[in-house]
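Report on one structure; see the data block that follows.
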Amino acid sequence: MRIVVNLDVMLAKRKMSLTELSERVGVTMANLSVLKTGKAKAIRFSTLAAICEELGCQPGDILEYSDKGE
Amino acid sequence: MKQKEMSYVLKAIDGTVIVACLVLMFFILPRLAGDSLGGPQVFAAYWPFLAFSWIGLAPLVFLAVIAWGIFSDIGRDNSFSERNAARLRAMSYLSAATILVWLGGLAYFAFSGLSVLGIMLAFAVAMAIMVVMAVVCACLSHLTAKAAQIKHENDLTV
């Protein structure tokens, strides 16, 4: 995947656990784990907006384009 | 009807088909060839008839056994999967194989002078059904594979 998900970095910066984010955003732990581990194929704008709102960040802080190939 | 109930009903029908095929293969047809047609001493094509019957019905039994797996997956709410697409593909090939076996058998009996119009017509209808079955299974296999692909992407959308 050429899009790298930096959710773990943002969680560490905000000192928030994945469980807490899951409860605040209303997305299941399983789905957030899929996103965190980079296995997700797509992310809904609504999910991205909710995560950004809770973490107080921009989408670019969570998602990053990498040119290092697959 | 809920998926679990539907799965049980389909399995019950499938199981009945398997048992019916086995009874036909090992009880009814040998008796028919033995009692009605005179047995190996009188009926010259006794063993070819039985061999043709067994080889011709075996793919149907395998087909029903493979279908059992699909019905189990329906009960588990896992209908759209690559495995089920592969199962349907296998069912399509088995249907095609059945048609070829029946065609070969019919050709043998026709050239041996053992053909009976009623039996030939019955086989023609059965073969037409198997052709439809092969085509439908191939089509469903393609659709299931595509649906499994979409489901996989949907499952990984957060």
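Residue names in the structure tokens use chain letters A, B, ... in the order shown, residue numbers from 1 in each chain, and ligand numbers from 1 in the order shown.
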Contacts between chain A and chain B, please, where a residue of chain B counts if it comes within 7 Å (with only C-alpha atoms); show its shortest atom pair and distance in Å to one decimal, rows by chain and ascending number, as CSV.
residue,atom,partner,partner_atom,distance
B:Glu153,CA,A:Lys41,CA,6.2
B:Leu156,CA,A:Ala40,CA,4.8
B:Thr157,CA,A:Ala42,CA,4.6
B:Val158,CA,A:Ile43,CA,4.8
Can you list, as number ranges by chain, every protein, DNA or RNA residue that comes within 8 Å of Cys137 (chain B) when you count only C-alpha atoms, leaving out same-chain residues fewer than 5 positions away? B: 88-89, 91-92
Between CA of Thr144 (chain B) and CA of Phe71 (chain B), measure the distance and give it in Å to one decimal.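 For CA of Thr144 (chain B) relative to CA of Phe71 (chain B), the distance reads 13.9 Å.
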Set the distance at 10 Å and use only C-alpha atoms: which residues neighbour Lys11 (chain B) once local chain neighbours fewer than 6 positions away are removed? I'd like the list as a list in words.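 Listed by chain and then number, they are Glu5, Val17, Ala64, Val65, Ala67, Trp68, Gly69, Ile70, Phe71, Ser72 and Gly75 of chain B.
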Quick one: residues within 9 Å of Leu57 (chain B), only C-alpha atoms counted, chain neighbours fewer than 5 positions away excluded, as a list in words? Cys21, Leu22, Leu24, Met25, Phe52, Phe62 and Thr98 of chain B
Those residues with N, CA, C and O atoms, as a CSV table (one decimal), in the first residue's frame please?
chain,number,residue,atom,x,y,z
B,21,CYS,N,-29.4,-41.0,-5.0
B,21,CYS,CA,-28.5,-41.4,-6.1
B,21,CYS,C,-27.8,-42.8,-5.7
B,21,CYS,O,-27.6,-43.6,-6.5
B,22,LEU,N,-27.4,-42.9,-4.4
B,22,LEU,CA,-26.7,-44.1,-3.9
B,22,LEU,C,-27.6,-45.3,-4.0
B,22,LEU,O,-27.2,-46.4,-4.4
B,24,LEU,N,-30.2,-45.6,-6.0
B,24,LEU,CA,-30.3,-45.9,-7.4
B,24,LEU,C,-29.2,-46.6,-8.0
B,24,LEU,O,-29.3,-47.6,-8.8
B,25,MET,N,-27.9,-46.2,-7.6
B,25,MET,CA,-26.7,-46.8,-8.1
B,25,MET,C,-26.5,-48.3,-7.7
B,25,MET,O,-26.2,-49.1,-8.4
B,52,PHE,N,-21.9,-48.0,-16.7
B,52,PHE,CA,-22.3,-46.7,-17.3
B,52,PHE,C,-23.2,-46.0,-16.3
B,52,PHE,O,-23.0,-44.8,-16.0
B,62,PHE,N,-20.9,-36.5,-6.4
B,62,PHE,CA,-19.9,-35.5,-6.1
B,62,PHE,C,-20.4,-34.1,-6.1
B,62,PHE,O,-20.1,-33.3,-5.2
B,98,THR,N,-20.6,-35.0,-16.6
B,98,THR,CA,-21.7,-35.9,-16.6
B,98,THR,C,-22.3,-36.0,-18.0
B,98,THR,O,-22.7,-37.1,-18.5
What lies within 12 Å of Val9 (chain A) using only C-alpha atoms, ignoring chain neighbours under 6 positions off, as number ranges by chain? A: 15-18, 36-37, 55, 57, 61-64
Just want the 6 Å neighbourhood of region 81-87 of chain B, counted on only C-alpha atoms, with same-chain residues fewer than 6 positions away dropped. Output as a ChimeraX atom specification. /B:141,144-145,148
Residues from the last selection, C-alpha atoms, saved as a short mmCIF file (atom, residue, chain, number, x, y, z; two decimals), in the first residue's frame:
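File produced: out01.cif:
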data_model
loop_
_atom_site.label_atom_id
_atom_site.label_comp_id
_atom_site.auth_asym_id
_atom_site.auth_seq_id
_atom_site.Cartn_x
_atom_site.Cartn_y
_atom_site.Cartn_z
CA SER B 141 -19.23 -19.04 -10.04
CA THR B 144 -19.78 -15.24 -6.63
CA ALA B 145 -16.09 -14.54 -7.35
CA ALA B 148 -16.43 -12.05 -2.93
#
Would you compute the distance between CA of Leu121 (chain B) and CA of Leu106 (chain B)? Give it in Å to one decimal.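 The value is 10.6 Å.
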In chain A, what's alpha helix (DSSP H) per DSSP? Answer as a count of residues only? 38
Find the residue from A:Asp67, A:Gly56, A:Ala50, A:Gly26 that sits nearest to Lys13 (chain A); use only C-alpha atoms when measuring. A:Gly56
What is the CA of Val19 (chain B) to CA of Trp102 (chain B) distance in Å?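 Interatomic distance here is 20.7 Å.
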